[in-house]
Amino acid sequence: MTRRAVALVLVGLVLLSLNLRPAAVTVGPVLAELRAGLGLSPVTAGLLTSLPVLAFALFGAFAPTVARRVGVHRTTLIALLALTAGLAGRAAAGGEAAFLALTMLALAGMAVANVLLPSLVKLHFPHRVGPVTALYTTMLSIGLTAALVLTVPISDAFGGWRAGIGAWAVLALVAALPWVALSAHDRHPETPPRRVGFRDVARTRLGWAMALFFGLQSLQAYAVFGWFATLWRDSGWSASAAGALVGLLAATAIPFSLWLPAALARSRDPRRILAPVIGCYPVGYLLLVVDPHALAIPAAILVGVGTATFPLVLTLIGLRARTPEGTGALSAFTQSTGYLVAGIGPFAIGLLHDASDGWTVPLLVLAALTVPQLAVGLRVARPAYVEDQLRLGRGDSRPVGSRPR
């Protein structure tokens with residue numbers, strides 16, 4: 001690629017990454033105002049918290065198929081336009097049915113783009129997977145933090161929750177602009193006919209291990225971002241302070257997202273990086289068990305480091321496939337199946353909180369779940385390629401992508 005093309009792709013990836021979380025997290029900070037404005041029932045409000053996971057699981061599975069038929073860059077552009085339309089439309093919605101439908105449209109675009117990101121990196125930067133993944137996961141963390149921190153101030157400054165959640169449509173529209181030019185790359189096929197698909201990955205041990213690892217990590221993250229503001233409010237922090245603590249937790253992952261993926265890609269033994277990062281989760285949880293008020297700040301920082309497992313999972317997706325197509329299929333299976341596991345998290349933690357009338361039991365359960373997360377993480381850290389496992393399963397030891405002799 002020319003320098004201009006490389007720059008365009010990088011700008012496109014950065015802007016895309018900034019938009020992959022606001023649709024999912026901007027509802028939470030203004031949920032009370034949104035419920036009052038639209039008259040949402042408790043059931044509908046609860047459904048809103050589950051929609052992101054459902055969208056990732058449902059729409060992410062179809063992303064590689066659509067990309068193969070339409071083109072990966074065009075599919076990314078379509079996903080961003082759907083995200084823009086959904087974000088803008090739900091801000092103007094007059095009832096709960098329209099709000100839910102338009103939220104799902106926005107989340108569908110977000111889910112498709114989320115799955116395609118690793119394959120786009122593998123396609124354009126096959127020898128720079130670690131550094132480029134570090135770049136886009138850092139931008140993703142910045143977008144997440146900005147959405148959590150800025151939605152309420154935007155709402156206050158511009159007249160209410162509609163402005164707070166609708167403002168993010170502008171960012172999504174700007175992100176679509178580079179992909180208009182990049183979609184021209186899809187006029188000529190860049191990948192061979194399908195050799196690795198969603199069902200193929202489902203026949204490999206690596207695919208299931210990656211899905212379980214991704215699912216357990218996402219379960220932790222969704223439980224944390226879904227409930228920790230409430231936990232800190234229950235421990236005596238004000239609503240604004242509790243929100244700031246969640247913002248600190250999210251912001252802590254930003255520098256680690258910039259450094260860890262490249263370090264993991266260079267490492268001869270990725271387990272040395274994975275183990276201490278995952279280990280920060282239970283330490284942070286145990287601090288909250290001891291004193292959720294006095295130890296809130298160190299706990300937020302430690303749990304924030306733990307959430308940096310997410311960019312490590314995305315890096316491993318790029319490292320555990322030989323081709324862009326294999327990366328896309330592995331990404332789709334890992335994320336769509338993993339998010340089904342993750343969906344249990346917020347719901348189960350809420351039930352445990354209600355049943356135990358406190359946060360000690362939920363925190364201990366989250367800490368216990370880091371044990372299988374670490375075990376499966378150490379497994380996927382071992383060198384392996386999804387295409388090779390498919391060939392071996394068919395009785396052929398020749399790696400996918402090699403030429404027949």
# chains A, B, ... in the order shown; residues from 1 in each chain; ligands from 1
>>> closest_atom_pairs(of="range 136-204 of chain A", to="range 110-118 of chain A", cutoff="12 Å", atoms="only C-alpha atoms", output="JSON lines")
{"residue": "A:Tyr136", "atom": "CA", "partner": "A:Leu117", "partner_atom": "CA", "distance": 8.6}
{"residue": "A:Thr137", "atom": "CA", "partner": "A:Leu117", "partner_atom": "CA", "distance": 10.0}
{"residue": "A:Leu140", "atom": "CA", "partner": "A:Asn114", "partner_atom": "CA", "distance": 10.1}
{"residue": "A:Ala172", "atom": "CA", "partner": "A:Met110", "partner_atom": "CA", "distance": 10.0}
{"residue": "A:Ala175", "atom": "CA", "partner": "A:Ala113", "partner_atom": "CA", "distance": 11.7}
{"residue": "A:Ala176", "atom": "CA", "partner": "A:Ala113", "partner_atom": "CA", "distance": 11.3}
{"residue": "A:Trp179", "atom": "CA", "partner": "A:Ala113", "partner_atom": "CA", "distance": 11.7}
{"residue": "A:Phe198", "atom": "CA", "partner": "A:Val115", "partner_atom": "CA", "distance": 12.0}
>>> write_last_selection(atoms="N, CA, C and O atoms", output="short mmCIF file (atom, residue, chain, number, x, y, z; two decimals), in the first residue's frame")
data_model
loop_
_atom_site.label_atom_id
_atom_site.label_comp_id
_atom_site.auth_asym_id
_atom_site.auth_seq_id
_atom_site.Cartn_x
_atom_site.Cartn_y
_atom_site.Cartn_z
N TYR A 136 -6.07 0.37 17.85
CA TYR A 136 -7.53 0.43 17.79
C TYR A 136 -8.19 0.06 19.11
O TYR A 136 -9.26 0.59 19.45
N THR A 137 -7.58 -0.81 19.91
CA THR A 137 -8.18 -1.11 21.21
C THR A 137 -8.02 0.07 22.17
O THR A 137 -8.87 0.27 23.05
N LEU A 140 -10.74 2.30 21.23
CA LEU A 140 -12.00 1.73 21.73
C LEU A 140 -12.19 2.08 23.21
O LEU A 140 -13.29 2.45 23.64
N ALA A 172 -20.25 9.02 14.75
CA ALA A 172 -20.39 7.85 13.88
C ALA A 172 -20.42 8.26 12.41
O ALA A 172 -19.84 7.58 11.55
N ALA A 175 -16.97 9.04 11.28
CA ALA A 175 -16.21 7.80 11.13
C ALA A 175 -16.49 7.10 9.81
O ALA A 175 -15.65 6.35 9.29
N ALA A 176 -17.67 7.33 9.25
CA ALA A 176 -18.04 6.66 7.99
C ALA A 176 -17.29 7.24 6.79
O ALA A 176 -17.14 6.56 5.76
N TRP A 179 -14.38 5.38 5.09
CA TRP A 179 -14.79 4.10 4.52
C TRP A 179 -15.52 4.26 3.20
O TRP A 179 -15.65 3.30 2.45
N PHE A 198 -17.82 -19.79 9.67
CA PHE A 198 -18.26 -19.85 11.06
C PHE A 198 -18.38 -21.30 11.52
O PHE A 198 -17.87 -21.67 12.59
#
>>> select_by_dssp(residues="range 160-321 of chain A", states="helix (DSSP H, G or I)", output="ChimeraX atom specification")
/A:161-166,168-187,198-201,205-234,239-266,271-290,296-307,309-319
>>> closest_residue(among="A:Leu314, A:Ala169, A:Cys280, A:Ala106", to="Thr327 in chain A", atoms="only C-alpha atoms")
A:Leu314
>>> closest_residue(among="A:Leu264, A:Leu319, A:Leu330, A:Leu312", to="Pro64 in chain A", atoms="only C-alpha atoms")
A:Leu330
>>> residues_around(residues="Ala221 in chain A", least_positions_apart="3", cutoff="9 Å", atoms="only C-alpha atoms", output="list in words")
Leu216, Gln217, Ser218, Val224, Phe225, Gly226, Gly306, Thr307, Phe310, Ala342 and Gly345 of chain A
>>> residues_around(residues="range 67-74 of chain A", least_positions_apart="2", cutoff="12 Å", atoms="only C-alpha atoms", output="ChimeraX atom specification")
/A:9,12-13,16,60-65,76-81,112-113,115-124,176-197,324-326,328-329,332
>>> residues_around(residues="range 86-94 of chain A", least_positions_apart="5", cutoff="9 Å", atoms="only C-alpha atoms", output="JSON, numbers by chain")
{"A": [23, 37, 38, 81, 99, 100, 101, 102, 103, 104, 105, 106, 107, 109, 161, 162, 163, 164, 165, 166, 167, 168, 169, 170, 172]}
>>> write_last_selection(atoms="C-alpha atoms", output="PDB file, in the first residue's frame")
ATOM      1  CA  ALA A  23     -24.203   2.857  21.456  1.00  0.00           C
ATOM      2  CA  GLY A  37     -39.352  10.607  29.168  1.00  0.00           C
ATOM      3  CA  LEU A  38     -40.528   7.525  27.285  1.00  0.00           C
ATOM      4  CA  LEU A  81     -24.296   4.056   8.476  1.00  0.00           C
ATOM      5  CA  PHE A  99     -36.516   3.298  20.819  1.00  0.00           C
ATOM      6  CA  LEU A 100     -35.817  -0.433  21.178  1.00  0.00           C
ATOM      7  CA  ALA A 101     -35.894  -1.034  17.412  1.00  0.00           C
ATOM      8  CA  LEU A 102     -33.544   1.847  16.638  1.00  0.00           C
ATOM      9  CA  THR A 103     -31.242   0.858  19.479  1.00  0.00           C
ATOM     10  CA  MET A 104     -31.026  -2.613  17.971  1.00  0.00           C
ATOM     11  CA  LEU A 105     -30.208  -1.077  14.563  1.00  0.00           C
ATOM     12  CA  ALA A 106     -27.342   0.893  16.112  1.00  0.00           C
ATOM     13  CA  LEU A 107     -26.101  -2.142  18.015  1.00  0.00           C
ATOM     14  CA  GLY A 109     -23.969  -1.910  13.065  1.00  0.00           C
ATOM     15  CA  TRP A 161     -31.140  12.943  27.495  1.00  0.00           C
ATOM     16  CA  ARG A 162     -32.018  13.090  23.774  1.00  0.00           C
ATOM     17  CA  ALA A 163     -29.036  15.355  23.119  1.00  0.00           C
ATOM     18  CA  GLY A 164     -26.845  13.234  25.381  1.00  0.00           C
ATOM     19  CA  ILE A 165     -27.380  10.021  23.436  1.00  0.00           C
ATOM     20  CA  GLY A 166     -27.918  11.616  20.023  1.00  0.00           C
ATOM     21  CA  ALA A 167     -24.628  13.518  19.967  1.00  0.00           C
ATOM     22  CA  TRP A 168     -22.748  10.278  19.356  1.00  0.00           C
ATOM     23  CA  ALA A 169     -24.424   9.939  15.954  1.00  0.00           C
ATOM     24  CA  VAL A 170     -22.263  12.838  14.764  1.00  0.00           C
ATOM     25  CA  ALA A 172     -20.390   7.849  13.878  1.00  0.00           C
TER      26      ALA A 172
END
>>> closest_residue(among="A:Val376, A:Val290, A:Leu144, A:Val174", to="Pro22 in chain A", atoms="only C-alpha atoms")
A:Leu144
